[in-house]
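Notes follow the structure.
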Amino acid sequence: MSDDHTLDELVVTALARCLDDETRAFNGAASFVPVVAFLLARATHAPRLLWAAASIGVDARPSEIPDSTLSGSLWEGASMLQSSPYDFWGRAFTGRLNTFCFRGAQIDAFGNVNNTVIGDYEAPRVRLPGGGGMSDLGGVIPRLLLWTTTHDRRTFVDRLDFRSGLGWGDGGDHRERLGLPGGPLACVTDLAVLDFHPVSRRMRLRSVHPGGTVDDVVDATGFDLVIEGDVPETRAPTAQEVALIRRLDPTGARRREFQRT
Amino acid sequence: MSDDHTLDELVVTALARCLDDETRAFNGAASFVPVVAFLLARATHAPRLLWAAASIGVDARPSEIPDSTLSGSLWEGASMLQSSPYDFWGRAFTGRLNTFCFRGAQIDAFGNVNNTVIGDYEAPRVRLPGGGGMSDLGGVIPRLLLWTTTHDRRTFVDRLDFRSGLGWGDGGDHRERLGLPGGPLACVTDLAVLDFHPVSRRMRLRSVHPGGTVDDVVDATGFDLVIEGDVPETRAPTAQEVALIRRLDPTGARRREFQRT
Amino acid sequence: MGVGWRRMVPADGKLVALADVAGLVPDGASVALGGFSLEGAPMAFCAELVRAGARDLELVVPVGGMNVDWLLAAGCARRVLTALVGFEGFGLAPWFRRAAEQGLVEVEDWSEHTMLSALQAAILGVPYMPTLAGLGTDLPARLPGRMWELADERSGRRFIACGPLAPDVAVVHVHEADRLGNARVLPRSVWLDGELVKAARTVIVTAERIVDTEVFRAAPERTSYPGFAVDHVVAAPGGAWPTASGPGAAPDAAFYRDYVRAARDPAAFRALFAQRVAPLPPSSLVPA
Amino acid sequence: MGVGWRRMVPADGKLVALADVAGLVPDGASVALGGFSLEGAPMAFCAELVRAGARDLELVVPVGGMNVDWLLAAGCARRVLTALVGFEGFGLAPWFRRAAEQGLVEVEDWSEHTMLSALQAAILGVPYMPTLAGLGTDLPARLPGRMWELADERSGRRFIACGPLAPDVAVVHVHEADRLGNARVLPRSVWLDGELVKAARTVIVTAERIVDTEVFRAAPERTSYPGFAVDHVVAAPGGAWPTASGPGAAPDAAFYRDYVRAARDPAAFRALFAQRVAPLPPSSLVPA
């Protein structure tokens with residue numbers, strides 16, 4: 001275990017561990033942490049991982065991450081520009097593209113997210129950019145991974161001000177009743193790694209990052225978490241993983257996500 | 001008037017006269033006569049006519065007509081390859097592409113057509129290729145032009161064995177009731193030029209080709225035509241038109257349509 | 001370029017020998033065949049299905065021709081879903097015509113846009129896709145399970161609802177492919193091949209040439225199908241013959257004429273077919 | 001090549017001077033703007049709308065950013081239909097945020113696929129287009145007239161029906177165009193620009209370069225929009241600034257940062273905007 005890793009490197013590594021050789025992922029806007037996680041996984045335990053940069057640059061090999069994760073410069077080295085919306089959406093809905101990472105400004109106990117408004121919809125305290133692709137993909141992508149770098153009670157709320165993207169809905173078998181596949185599999189944050197209870201679909205604590213405690217996580221979460229027995233510590237990134245992250249993301253674009261916007 | 005024109009040149013010229021500067025046309029399979037008509041019109045009275053070869057080669061300038069009017073070699077000189085079906089169909093349904101010529105193996109009094117079966121559908125006497133694009137476009141293209149080189153009672157029937165493509169439907173305002181735009185404007189054959197009565201939408205005789213009589217046309221038509229007063233003679237192609245046709249279609253592909261298949 | 005990647009993909013990747021492709025198509029499967037009338041059809045693949053004596057296939061061929069006729073001549077298919085099967089200037093497709101006239105194959109008469117809409121319904125996972133295509137024609141009445149007329153309660157406007165059409169297998173012919181499944185048709189893939197590829201569960205690409213992945217990375221905007229969307233790649237130089245190998249090329253006109261002429265005499269046809277394609281199997285519709 | 005054609009097209013064809021474009025957009029019109037977050041937006045066109053003091057526009061911007069923010073800062077729009085408006089790594093779009101928070105603009109929260117489906121419904125002339133997108137979210141409830149939940153009687157399967165969305169005008173930025181309206185984005189047009197172009201009644205293209213038609217005939221497979229689908233062509237070199245001029249280029253990061261910082265102080269913002277874009281009109285939301 002390397003000691004000299006930063007929090008962003010820990011979060012990237014934890015997210016990368018949710019990926020594997022069968023991952024066929026794409027990214028949306030403001031997705032610096034997920035993009036670095038895809039690159040790390042592909043360079044380590046998941047060499048056959050497929051990533052379409054900005055949903056367009058298939059199997060890209062960027063030498064660095066630009067200002068926008070929707071930018072064409074992220075497509076460097078791609079083997080295809082999937083430029084028709086019918087190709088991208090077609091492959092997302094059929095599950096040929098099966099993995100999407102999404103950061104919710106608000107996340108509730110069942111992994112539903114809000115990126116639209118904070119406060120009253122008609123007169124919001126904060127007007128956010130909007131659900132974007134999450135409003136489409138939440139209900140359709142088999143392997144949905146949520147993440148945030150601000151694990152606090154403003155982010156993890158009991159009631160969303162607006163449901164931009166569907167997670168497990170009202171919990172239980174709500175998604176099945178809607179006739180929708182899959183659902184959120186995990187939620188990686190700056191404090192912990194969580195998943196969703198297989199029956200209630202309520203968020204469950206899986207590990208706490210080094211230096212933190214279960215109580216820290218409970219205090220930072222605005223709803224009751226499922227906690228089953230002892231909660232292990234999140235494995236820190238290895239020296240090799242840290243070195244790779246710094247080579248894959250030489251300009252440290254991943255750290256953008258850790259400043260307060 | 002040039003005397004030394006052939007029947008195919010007369011039919012091509014008559015069809016070309018149904019086109020104008022606002023024509024934005026495309027062609028389907030086995031459409032040798034319409035393609036030559038588009039080229040002739042564009043070289044004479046309709047220089048701004050737009051033609052998409054095989055619906056794909058936009059504004060093509062082929063030096064000759066190949067074996068198939070769906071062939072890529074027809075796209076020679078095109079300014080765009082409209083290769084996505086969403087681009088072609090999108091522009092047909094919105095009317096940006098507004099003109100389509102279609103040859104029916106059977107045509108009824110209201111311009112509905114059959115290119116599917118002759119005889120009983122379950123056990124057809126003759127199984128034909130199928131409606132192809134006509135089954136889609138009959139109901140949608142504002143400027144539909146029908147044509148045939150076999151004006152006889154086998155082609156012009158009172159009842160179709162199968163309605164592959166919609167003309168004026170049951171006549172009158174049937175199309176409006178279906179909420180569909182436009183409808184067939186004319187029908188050019190080896191005997192005559194016909195259109196459709198503006199109220200009843202029944203086929204109406206407009207002119208008879210040189211050497212033919214109204215009775216010839218009536219005898220060759222399996223349903224009652226609307227005939228209003230004296231029927232003029234179809235204007236024969238000019239020497240310039242004949243010369244242009246022979247330059248535009250040097251291999252005489254247009255004559256394919258005049259052999260019995 | 002980024003850090004070199006250890007690509008632990010099996011050496012031959014998705015490559016399959018042409019002689020082995022028939023094994024990818026179980027009898028009774030729904031098989032979508034690419035191509036556009038006289039152009040770009042996966043004919044070498046069809047010849048392998050004939051050679052292997054495939055049976056009871058449901059063919060999904062938006063604008064078909066020789067691909068359908070070979071498989072019907074060989075008795076490989078029980079049903080054909082199509083908007084058109086013909087040889088254009090060379091005349092009607094003889095065995096499609098005879099099989100349909102003798103009730104030896106079920107023909108589902110679709111239109112191009114109703115088929116595109118049905119493929120879209122399958123791709124997007126919705127119960128139907130609306131279109132104006134087919135409205136007022138006899139198509140929907142003949143295909144009750146496939147498409148039906150609906151009216152929108154709000155506006156009263158009528159349309160044809162096309163139910164989902166998801167072929168088990170789609171086979172398309174391309175100019176170049178690599179062992180990861182990247183593939184391209186030059187200058188561009190046309191018509192509905194791309195929709196068949198997205199709607200089918202298993203996707204097979206037959207290619208004029210197998211090239212290195214770097215060929216695709218050099219011009220990614222020219223790639224037609226990404227590797228992750230393709231399951232099997234088959235080297236098949238001349239694999240579109242006798243249809244044109246792609247946009248701009250020409251079909252083998254002489255063969256089309258010989259084929260149509262020979263089809264008038266079973267013995268002559270059997271000889272031509274055995275010599276130029278493959279021996280007709282016992283299931284063949286062509287009289288012995 | 002075929003016989004030479006007498007092309008009786010007015011000499012300047014569809015060319016319109018940048019200074020005259022605002023006249024193409026009547027007040028109150030529904031205007032679709034191309035671009036994709038920080039890339040390829042028709043910013044020079046937006047600046048002209050600001051300069052001309054356009055009013056009451058309904059903006060249709062699938063993935064927006066600076067294009068929406070300029071028009072809201074200048075008080076040109078009464079409504080924005082979008083899936084997302086933001087500056088990504090540079091933060092929130094300041095005037096989009098303030099206008100929405102102060103109720104000075106109506107924001108319709110769509111998603112990308114519901115908007116694509118609504119554009120398709122308009123293009124195909126059908127009363128709605130089904131999608132699974134938005135099912136189980138709060139989007140449909142907030143946009144009752146635009147999209148609604150339905151279930152298919154036959155299968156009981158539920159979906160969101162998206163009603164037709166047909167903008168009056170669509171404006172997209174391209175690299176090259178000719179006076180006939182042919183246009184292309186290199187290496188390829190991306191995202192929903194193509195759908196906005198097909199769904200809108202009037203199509204305007206702003207181009208980095210005006211080239212001769214032969215440039216398109218030399219590589220027809222690279223053309224993004226055919227001439228017959230475009231109504232007006234505007235020479236606008238640098239017309240995407242400050243968004244990236246197209247795939248692979250970079251946005252003007254310094255300007256984005258200056259813009260966001262200046263937006264905290266009305267006087268500073270008015271000065272920056274007047275200097276780099278256009279003087280803010282009386283209708284501006286920015287306090288005097």
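Going through the structure tokens in order, the chains are called A, B, and so on, while each chain numbers its residues from 1 and the ligands are numbered from 1 in the order shown.
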Give as a tab-separated table (two decimals) with all heavy atoms, in the first residue's frame every residue of chain D that touches chain C within 9 Å, counting only C-alpha atoms.
chain	number	residue	atom	x	y	z
D	121	ALA	N	-40.44	12.90	-33.85
D	121	ALA	CA	-41.90	12.90	-34.04
D	121	ALA	C	-42.28	14.00	-35.04
D	121	ALA	O	-43.11	13.80	-35.92
D	121	ALA	CB	-42.61	13.12	-32.70
D	124	LEU	N	-41.01	12.97	-38.65
D	124	LEU	CA	-41.76	11.89	-39.30
D	124	LEU	C	-43.26	12.19	-39.38
D	124	LEU	O	-44.02	11.40	-39.93
D	124	LEU	CB	-41.51	10.57	-38.56
D	124	LEU	CG	-40.07	10.07	-38.56
D	124	LEU	CD1	-39.96	8.72	-37.85
D	124	LEU	CD2	-39.53	9.93	-40.00
D	125	GLY	N	-43.70	13.30	-38.77
D	125	GLY	CA	-45.11	13.68	-38.86
D	125	GLY	C	-46.04	12.78	-38.08
D	125	GLY	O	-47.22	12.61	-38.43
D	126	VAL	N	-45.52	12.18	-36.98
D	126	VAL	CA	-46.39	11.31	-36.16
D	126	VAL	C	-46.73	12.05	-34.86
D	126	VAL	O	-45.99	12.94	-34.43
D	126	VAL	CB	-45.68	9.96	-35.85
D	126	VAL	CG1	-45.57	9.13	-37.13
D	126	VAL	CG2	-44.33	10.17	-35.19
D	127	PRO	N	-47.82	11.67	-34.20
D	127	PRO	CA	-48.26	12.42	-33.01
D	127	PRO	C	-47.34	12.28	-31.80
D	127	PRO	O	-47.33	13.13	-30.92
D	127	PRO	CB	-49.65	11.83	-32.71
D	127	PRO	CG	-49.71	10.54	-33.45
D	127	PRO	CD	-48.80	10.66	-34.63
D	128	TYR	N	-46.58	11.20	-31.71
D	128	TYR	CA	-45.57	11.09	-30.63
D	128	TYR	C	-44.56	10.01	-31.00
D	128	TYR	O	-44.78	9.22	-31.92
D	128	TYR	CB	-46.23	10.75	-29.29
D	128	TYR	CG	-47.04	9.47	-29.25
D	128	TYR	CD1	-46.43	8.22	-29.09
D	128	TYR	CD2	-48.43	9.51	-29.38
D	128	TYR	CE1	-47.16	7.06	-29.07
D	128	TYR	CE2	-49.19	8.34	-29.37
D	128	TYR	CZ	-48.55	7.12	-29.21
D	128	TYR	OH	-49.29	5.96	-29.20
D	129	MET	N	-43.45	9.99	-30.25
D	129	MET	CA	-42.39	9.01	-30.44
D	129	MET	C	-42.13	8.38	-29.07
D	129	MET	O	-41.86	9.11	-28.11
D	129	MET	CB	-41.14	9.73	-30.94
D	129	MET	CG	-40.28	8.99	-31.93
D	129	MET	SD	-41.18	7.90	-33.04
D	129	MET	CE	-40.45	8.26	-34.57
D	130	PRO	N	-42.22	7.05	-28.96
D	130	PRO	CA	-41.99	6.41	-27.66
D	130	PRO	C	-40.51	6.31	-27.30
D	130	PRO	O	-39.66	6.15	-28.17
D	130	PRO	CB	-42.54	4.98	-27.88
D	130	PRO	CG	-43.32	5.02	-29.15
D	130	PRO	CD	-42.71	6.12	-29.97
D	131	THR	N	-40.23	6.42	-25.98
D	131	THR	CA	-38.89	6.13	-25.47
D	131	THR	C	-39.02	5.67	-24.01
D	131	THR	O	-40.00	5.98	-23.34
D	131	THR	CB	-37.99	7.38	-25.53
D	131	THR	OG1	-36.71	7.07	-24.96
D	131	THR	CG2	-38.59	8.56	-24.75
D	132	LEU	N	-38.00	4.94	-23.55
D	132	LEU	CA	-37.96	4.56	-22.13
D	132	LEU	C	-37.33	5.69	-21.32
D	132	LEU	O	-37.42	5.73	-20.09
D	132	LEU	CB	-37.15	3.27	-21.94
D	132	LEU	CG	-37.73	2.01	-22.61
D	132	LEU	CD1	-36.84	0.80	-22.31
D	132	LEU	CD2	-39.15	1.74	-22.13
D	151	ALA	N	-49.11	3.36	-21.88
D	151	ALA	CA	-48.82	1.93	-21.83
D	151	ALA	C	-49.42	1.31	-23.09
D	151	ALA	O	-50.49	1.72	-23.56
D	151	ALA	CB	-49.45	1.30	-20.58
D	152	ASP	N	-48.71	0.36	-23.67
D	152	ASP	CA	-49.19	-0.33	-24.87
D	152	ASP	C	-50.25	-1.34	-24.44
D	152	ASP	O	-50.00	-2.20	-23.60
D	152	ASP	CB	-47.98	-1.07	-25.51
D	152	ASP	CG	-48.42	-2.10	-26.53
D	152	ASP	OD1	-49.37	-1.83	-27.28
D	152	ASP	OD2	-47.81	-3.21	-26.55
D	154	ARG	N	-51.45	-3.89	-25.84
D	154	ARG	CA	-51.17	-5.31	-26.13
D	154	ARG	C	-50.25	-5.92	-25.08
D	154	ARG	O	-50.49	-7.00	-24.56
D	154	ARG	CB	-50.49	-5.42	-27.50
D	154	ARG	CG	-51.40	-5.01	-28.63
D	154	ARG	CD	-50.65	-5.00	-29.96
D	154	ARG	NE	-51.60	-4.80	-31.06
D	154	ARG	CZ	-51.66	-5.58	-32.14
D	154	ARG	NH1	-50.83	-6.60	-32.28
D	154	ARG	NH2	-52.54	-5.34	-33.09
D	155	SER	N	-49.16	-5.19	-24.78
D	155	SER	CA	-48.13	-5.80	-23.90
D	155	SER	C	-48.17	-5.22	-22.50
D	155	SER	O	-47.51	-5.73	-21.59
D	155	SER	CB	-46.74	-5.53	-24.50
D	155	SER	OG	-46.52	-4.12	-24.52
D	156	GLY	N	-48.88	-4.11	-22.34
D	156	GLY	CA	-48.90	-3.45	-21.03
D	156	GLY	C	-47.61	-2.68	-20.75
D	156	GLY	O	-47.46	-2.03	-19.71
D	157	ARG	N	-46.68	-2.74	-21.69
D	157	ARG	CA	-45.37	-2.10	-21.41
D	157	ARG	C	-45.51	-0.58	-21.45
D	157	ARG	O	-46.18	-0.03	-22.33
D	157	ARG	CB	-44.34	-2.60	-22.41
D	157	ARG	CG	-43.90	-4.05	-22.06
D	157	ARG	CD	-43.09	-4.68	-23.18
D	157	ARG	NE	-41.91	-3.88	-23.49
D	157	ARG	CZ	-41.23	-3.99	-24.63
D	157	ARG	NH1	-41.65	-4.84	-25.56
D	157	ARG	NH2	-40.16	-3.24	-24.85
D	158	ARG	N	-44.85	0.07	-20.49
D	158	ARG	CA	-44.97	1.52	-20.34
D	158	ARG	C	-43.83	2.24	-21.04
D	158	ARG	O	-42.73	1.69	-21.21
D	158	ARG	CB	-44.95	1.87	-18.83
D	158	ARG	CG	-46.16	1.29	-18.10
D	158	ARG	CD	-45.85	1.00	-16.66
D	158	ARG	NE	-45.57	2.24	-15.91
D	158	ARG	CZ	-45.91	2.38	-14.63
D	158	ARG	NH1	-46.54	1.41	-14.00
D	158	ARG	NH2	-45.59	3.49	-13.99
D	159	PHE	N	-44.09	3.46	-21.47
D	159	PHE	CA	-43.05	4.28	-22.11
D	159	PHE	C	-43.46	5.74	-21.99
D	159	PHE	O	-44.57	6.05	-21.57
D	159	PHE	CB	-42.87	3.88	-23.58
D	159	PHE	CG	-44.13	3.98	-24.41
D	159	PHE	CD1	-44.47	5.17	-25.04
D	159	PHE	CD2	-44.99	2.89	-24.55
D	159	PHE	CE1	-45.64	5.27	-25.81
D	159	PHE	CE2	-46.15	2.98	-25.31
D	159	PHE	CZ	-46.48	4.18	-25.94
D	187	PRO	N	-13.98	16.29	-38.34
D	187	PRO	CA	-14.14	15.17	-39.25
D	187	PRO	C	-15.60	14.75	-39.46
D	187	PRO	O	-15.93	14.22	-40.51
D	187	PRO	CB	-13.35	14.05	-38.57
D	187	PRO	CG	-13.39	14.39	-37.12
D	187	PRO	CD	-13.43	15.87	-37.03
D	188	ARG	N	-16.48	15.01	-38.49
D	188	ARG	CA	-17.89	14.64	-38.73
D	188	ARG	C	-18.79	15.45	-37.81
D	188	ARG	O	-18.39	15.75	-36.66
D	188	ARG	CB	-18.12	13.14	-38.43
D	188	ARG	CG	-17.92	12.26	-39.65
D	188	ARG	CD	-18.08	10.80	-39.29
D	188	ARG	NE	-19.46	10.36	-39.57
D	188	ARG	CZ	-19.74	9.09	-39.88
D	188	ARG	NH1	-18.77	8.19	-39.93
D	188	ARG	NH2	-20.96	8.71	-40.11
D	219	ALA	N	-15.43	15.02	-52.24
D	219	ALA	CA	-15.51	14.03	-51.14
D	219	ALA	C	-16.95	14.03	-50.59
D	219	ALA	O	-17.20	14.42	-49.46
D	219	ALA	CB	-14.51	14.38	-50.04
D	220	PRO	N	-17.89	13.59	-51.42
D	220	PRO	CA	-19.32	13.70	-51.04
D	220	PRO	C	-19.67	12.96	-49.74
D	220	PRO	O	-20.61	13.34	-49.06
D	220	PRO	CB	-20.05	13.07	-52.25
D	220	PRO	CG	-19.03	12.23	-52.94
D	220	PRO	CD	-17.71	12.89	-52.70
D	221	GLU	N	-18.87	11.93	-49.40
D	221	GLU	CA	-19.19	11.19	-48.17
D	221	GLU	C	-18.89	12.02	-46.92
D	221	GLU	O	-19.29	11.66	-45.81
D	221	GLU	CB	-18.41	9.86	-48.13
D	221	GLU	CG	-16.91	9.96	-47.86
D	221	GLU	CD	-16.11	10.41	-49.08
D	221	GLU	OE1	-16.74	10.65	-50.16
D	221	GLU	OE2	-14.88	10.55	-48.97
D	222	ARG	N	-18.18	13.16	-47.10
D	222	ARG	CA	-17.83	13.97	-45.92
D	222	ARG	C	-18.79	15.14	-45.72
D	222	ARG	O	-18.65	15.92	-44.77
D	222	ARG	CB	-16.39	14.49	-46.06
D	222	ARG	CG	-15.38	13.35	-46.29
D	222	ARG	CD	-13.95	13.77	-46.13
D	222	ARG	NE	-13.64	14.10	-44.73
D	222	ARG	CZ	-12.44	14.52	-44.34
D	222	ARG	NH1	-11.46	14.66	-45.22
D	222	ARG	NH2	-12.23	14.82	-43.08
What are the closest atom pairs, with distances in Å to one decimal, for each residue of chain B lying within 9 Å of chain D, using only C-alpha atoms, rows by chain and rising residue number, as a Markdown table?
| residue | atom | partner | partner_atom | distance |
| --- | --- | --- | --- | --- |
| B:Arg24 | CA | D:Phe228 | CA | 7.8 |
| B:Arg42 | CA | D:Trp5 | CA | 7.6 |
| B:Ala43 | CA | D:Trp5 | CA | 6.0 |
| B:Thr44 | CA | D:Arg6 | CA | 8.4 |
| B:Ala46 | CA | D:Met8 | CA | 8.9 |
| B:Pro47 | CA | D:Arg7 | CA | 5.6 |
| B:Arg48 | CA | D:Arg7 | CA | 6.6 |
| B:Leu50 | CA | D:Phe228 | CA | 7.4 |
| B:Gly57 | CA | D:Pro220 | CA | 8.1 |
| B:Val58 | CA | D:Pro226 | CA | 7.1 |
| B:Asp59 | CA | D:Pro226 | CA | 9.0 |
| B:Ala60 | CA | D:Gly2 | CA | 8.6 |
| B:Arg61 | CA | D:Gly2 | CA | 4.8 |
| B:Pro62 | CA | D:Gly2 | CA | 5.1 |
| B:Ser63 | CA | D:Gly2 | CA | 4.2 |
| B:Glu64 | CA | D:Gly2 | CA | 7.6 |
| B:Glu76 | CA | D:Met1 | CA | 6.9 |
| B:Gly77 | CA | D:Arg217 | CA | 5.6 |
| B:Ala78 | CA | D:Arg217 | CA | 5.6 |
| B:Ser79 | CA | D:Arg217 | CA | 4.2 |
| B:Met80 | CA | D:Pro220 | CA | 4.1 |
| B:Leu81 | CA | D:Glu221 | CA | 4.9 |
| B:Gln82 | CA | D:Glu221 | CA | 7.7 |
| B:Ser83 | CA | D:Glu221 | CA | 7.9 |
| B:Asp87 | CA | D:Lys198 | CA | 7.7 |
| B:Trp89 | CA | D:Leu124 | CA | 8.0 |
| B:Gly90 | CA | D:Ile123 | CA | 5.6 |
| B:Arg91 | CA | D:Lys198 | CA | 6.7 |
| B:Ala92 | CA | D:Leu124 | CA | 8.6 |
| B:Phe93 | CA | D:Leu124 | CA | 5.3 |
| B:Thr94 | CA | D:Ile123 | CA | 5.7 |
| B:Arg96 | CA | D:Ala229 | CA | 6.5 |
| B:Leu97 | CA | D:Phe228 | CA | 8.3 |
| B:Arg247 | CA | D:Val3 | CA | 7.8 |
| B:Leu248 | CA | D:Val3 | CA | 7.1 |
DSSP on the backbone: which residues in stretch 6-48 of chain A end up as helix (DSSP H, G or I)? Give the answer as a PyMOL selection string. chain A and resi 7-16+32-43
Keeping N, CA, C and O atoms for every residue in the selection just given, could you write it to a file as an mmCIF file, in the first residue's frame?
data_model
loop_
_atom_site.group_PDB
_atom_site.id
_atom_site.type_symbol
_atom_site.label_atom_id
_atom_site.label_comp_id
_atom_site.auth_asym_id
_atom_site.auth_seq_id
_atom_site.Cartn_x
_atom_site.Cartn_y
_atom_site.Cartn_z
ATOM 1 N N LEU A 7 -6.595 11.930 -1.925
ATOM 2 C CA LEU A 7 -7.993 11.466 -1.837
ATOM 3 C C LEU A 7 -8.551 11.179 -3.233
ATOM 4 O O LEU A 7 -9.215 10.165 -3.475
ATOM 5 N N ASP A 8 -8.243 12.097 -4.205
ATOM 6 C CA ASP A 8 -8.793 11.892 -5.562
ATOM 7 C C ASP A 8 -8.292 10.568 -6.132
ATOM 8 O O ASP A 8 -9.022 9.841 -6.809
ATOM 9 N N GLU A 9 -7.043 10.190 -5.805
ATOM 10 C CA GLU A 9 -6.498 8.933 -6.341
ATOM 11 C C GLU A 9 -7.194 7.737 -5.692
ATOM 12 O O GLU A 9 -7.466 6.723 -6.328
ATOM 13 N N LEU A 10 -7.537 7.896 -4.408
ATOM 14 C CA LEU A 10 -8.262 6.817 -3.716
ATOM 15 C C LEU A 10 -9.648 6.636 -4.354
ATOM 16 O O LEU A 10 -10.082 5.509 -4.635
ATOM 17 N N VAL A 11 -10.327 7.752 -4.593
ATOM 18 C CA VAL A 11 -11.696 7.670 -5.153
ATOM 19 C C VAL A 11 -11.645 7.072 -6.557
ATOM 20 O O VAL A 11 -12.427 6.181 -6.908
ATOM 21 N N VAL A 12 -10.668 7.521 -7.357
ATOM 22 C CA VAL A 12 -10.536 6.981 -8.732
ATOM 23 C C VAL A 12 -10.304 5.468 -8.672
ATOM 24 O O VAL A 12 -10.942 4.691 -9.394
ATOM 25 N N THR A 13 -9.413 5.049 -7.756
ATOM 26 C CA THR A 13 -9.091 3.609 -7.667
ATOM 27 C C THR A 13 -10.307 2.812 -7.208
ATOM 28 O O THR A 13 -10.602 1.737 -7.735
ATOM 29 N N ALA A 14 -11.049 3.365 -6.238
ATOM 30 C CA ALA A 14 -12.236 2.649 -5.727
ATOM 31 C C ALA A 14 -13.268 2.505 -6.859
ATOM 32 O O ALA A 14 -13.893 1.447 -7.026
ATOM 33 N N LEU A 15 -13.429 3.554 -7.665
ATOM 34 C CA LEU A 15 -14.389 3.486 -8.778
ATOM 35 C C LEU A 15 -13.884 2.485 -9.832
ATOM 36 O O LEU A 15 -14.655 1.663 -10.349
ATOM 37 N N ALA A 16 -12.553 2.500 -10.065
ATOM 38 C CA ALA A 16 -11.989 1.574 -11.076
ATOM 39 C C ALA A 16 -12.242 0.125 -10.672
ATOM 40 O O ALA A 16 -12.469 -0.750 -11.520
ATOM 41 N N PHE A 32 -14.607 13.866 -14.959
ATOM 42 C CA PHE A 32 -13.140 13.686 -14.916
ATOM 43 C C PHE A 32 -12.778 12.432 -14.125
ATOM 44 O O PHE A 32 -11.969 11.611 -14.555
ATOM 45 N N VAL A 33 -13.359 12.239 -12.927
ATOM 46 C CA VAL A 33 -13.014 11.067 -12.099
ATOM 47 C C VAL A 33 -13.355 9.760 -12.833
ATOM 48 O O VAL A 33 -12.514 8.862 -12.934
ATOM 49 N N PRO A 34 -14.575 9.630 -13.399
ATOM 50 C CA PRO A 34 -14.882 8.379 -14.107
ATOM 51 C C PRO A 34 -13.922 8.108 -15.271
ATOM 52 O O PRO A 34 -13.491 6.965 -15.464
ATOM 53 N N VAL A 35 -13.578 9.150 -16.036
ATOM 54 C CA VAL A 35 -12.699 8.922 -17.197
ATOM 55 C C VAL A 35 -11.354 8.358 -16.735
ATOM 56 O O VAL A 35 -10.847 7.375 -17.286
ATOM 57 N N VAL A 36 -10.800 8.936 -15.661
ATOM 58 C CA VAL A 36 -9.507 8.430 -15.164
ATOM 59 C C VAL A 36 -9.690 7.006 -14.633
ATOM 60 O O VAL A 36 -8.824 6.133 -14.824
ATOM 61 N N ALA A 37 -10.851 6.725 -14.026
ATOM 62 C CA ALA A 37 -11.111 5.362 -13.510
ATOM 63 C C ALA A 37 -11.145 4.359 -14.667
ATOM 64 O O ALA A 37 -10.589 3.260 -14.594
ATOM 65 N N PHE A 38 -11.799 4.742 -15.795
ATOM 66 C CA PHE A 38 -11.824 3.836 -16.962
ATOM 67 C C PHE A 38 -10.388 3.564 -17.440
ATOM 68 O O PHE A 38 -10.011 2.412 -17.705
ATOM 69 N N LEU A 39 -9.609 4.646 -17.552
ATOM 70 C CA LEU A 39 -8.236 4.489 -18.067
ATOM 71 C C LEU A 39 -7.408 3.609 -17.120
ATOM 72 O O LEU A 39 -6.657 2.742 -17.559
ATOM 73 N N LEU A 40 -7.594 3.813 -15.814
ATOM 74 C CA LEU A 40 -6.827 3.013 -14.826
ATOM 75 C C LEU A 40 -7.225 1.536 -14.922
ATOM 76 O O LEU A 40 -6.364 0.651 -15.013
ATOM 77 N N ALA A 41 -8.513 1.265 -14.952
ATOM 78 C CA ALA A 41 -8.981 -0.134 -14.995
ATOM 79 C C ALA A 41 -8.464 -0.814 -16.269
ATOM 80 O O ALA A 41 -7.955 -1.948 -16.230
ATOM 81 N N ARG A 42 -8.516 -0.066 -17.388
ATOM 82 C CA ARG A 42 -8.084 -0.651 -18.660
ATOM 83 C C ARG A 42 -6.586 -0.952 -18.660
ATOM 84 O O ARG A 42 -6.117 -1.864 -19.336
ATOM 85 N N ALA A 43 -5.840 -0.165 -17.858
ATOM 86 C CA ALA A 43 -4.369 -0.353 -17.807
ATOM 87 C C ALA A 43 -3.982 -1.369 -16.737
ATOM 88 O O ALA A 43 -2.798 -1.728 -16.607
#
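Residues in contact with C:Val63 at up to 10 Å, not including ones fewer than 2 positions away on its chain and judged by only C-alpha atoms, are Ala29, Pro129, Gly130, Gly132 and Gly133 of chain B; Leu33, Gly34, Gly35, Phe36, Ser37, Leu38, Glu39, Val60, Val61, Gly65, Val68, Leu81, Thr82, Ala83, Leu84, Val85, Gly86, Ser111, Glu112, Trp191 and Leu192 of chain C.
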Distance in Å - atom CA of D:Glu88 versus atom CA of D:Gly64: 10.5 Å
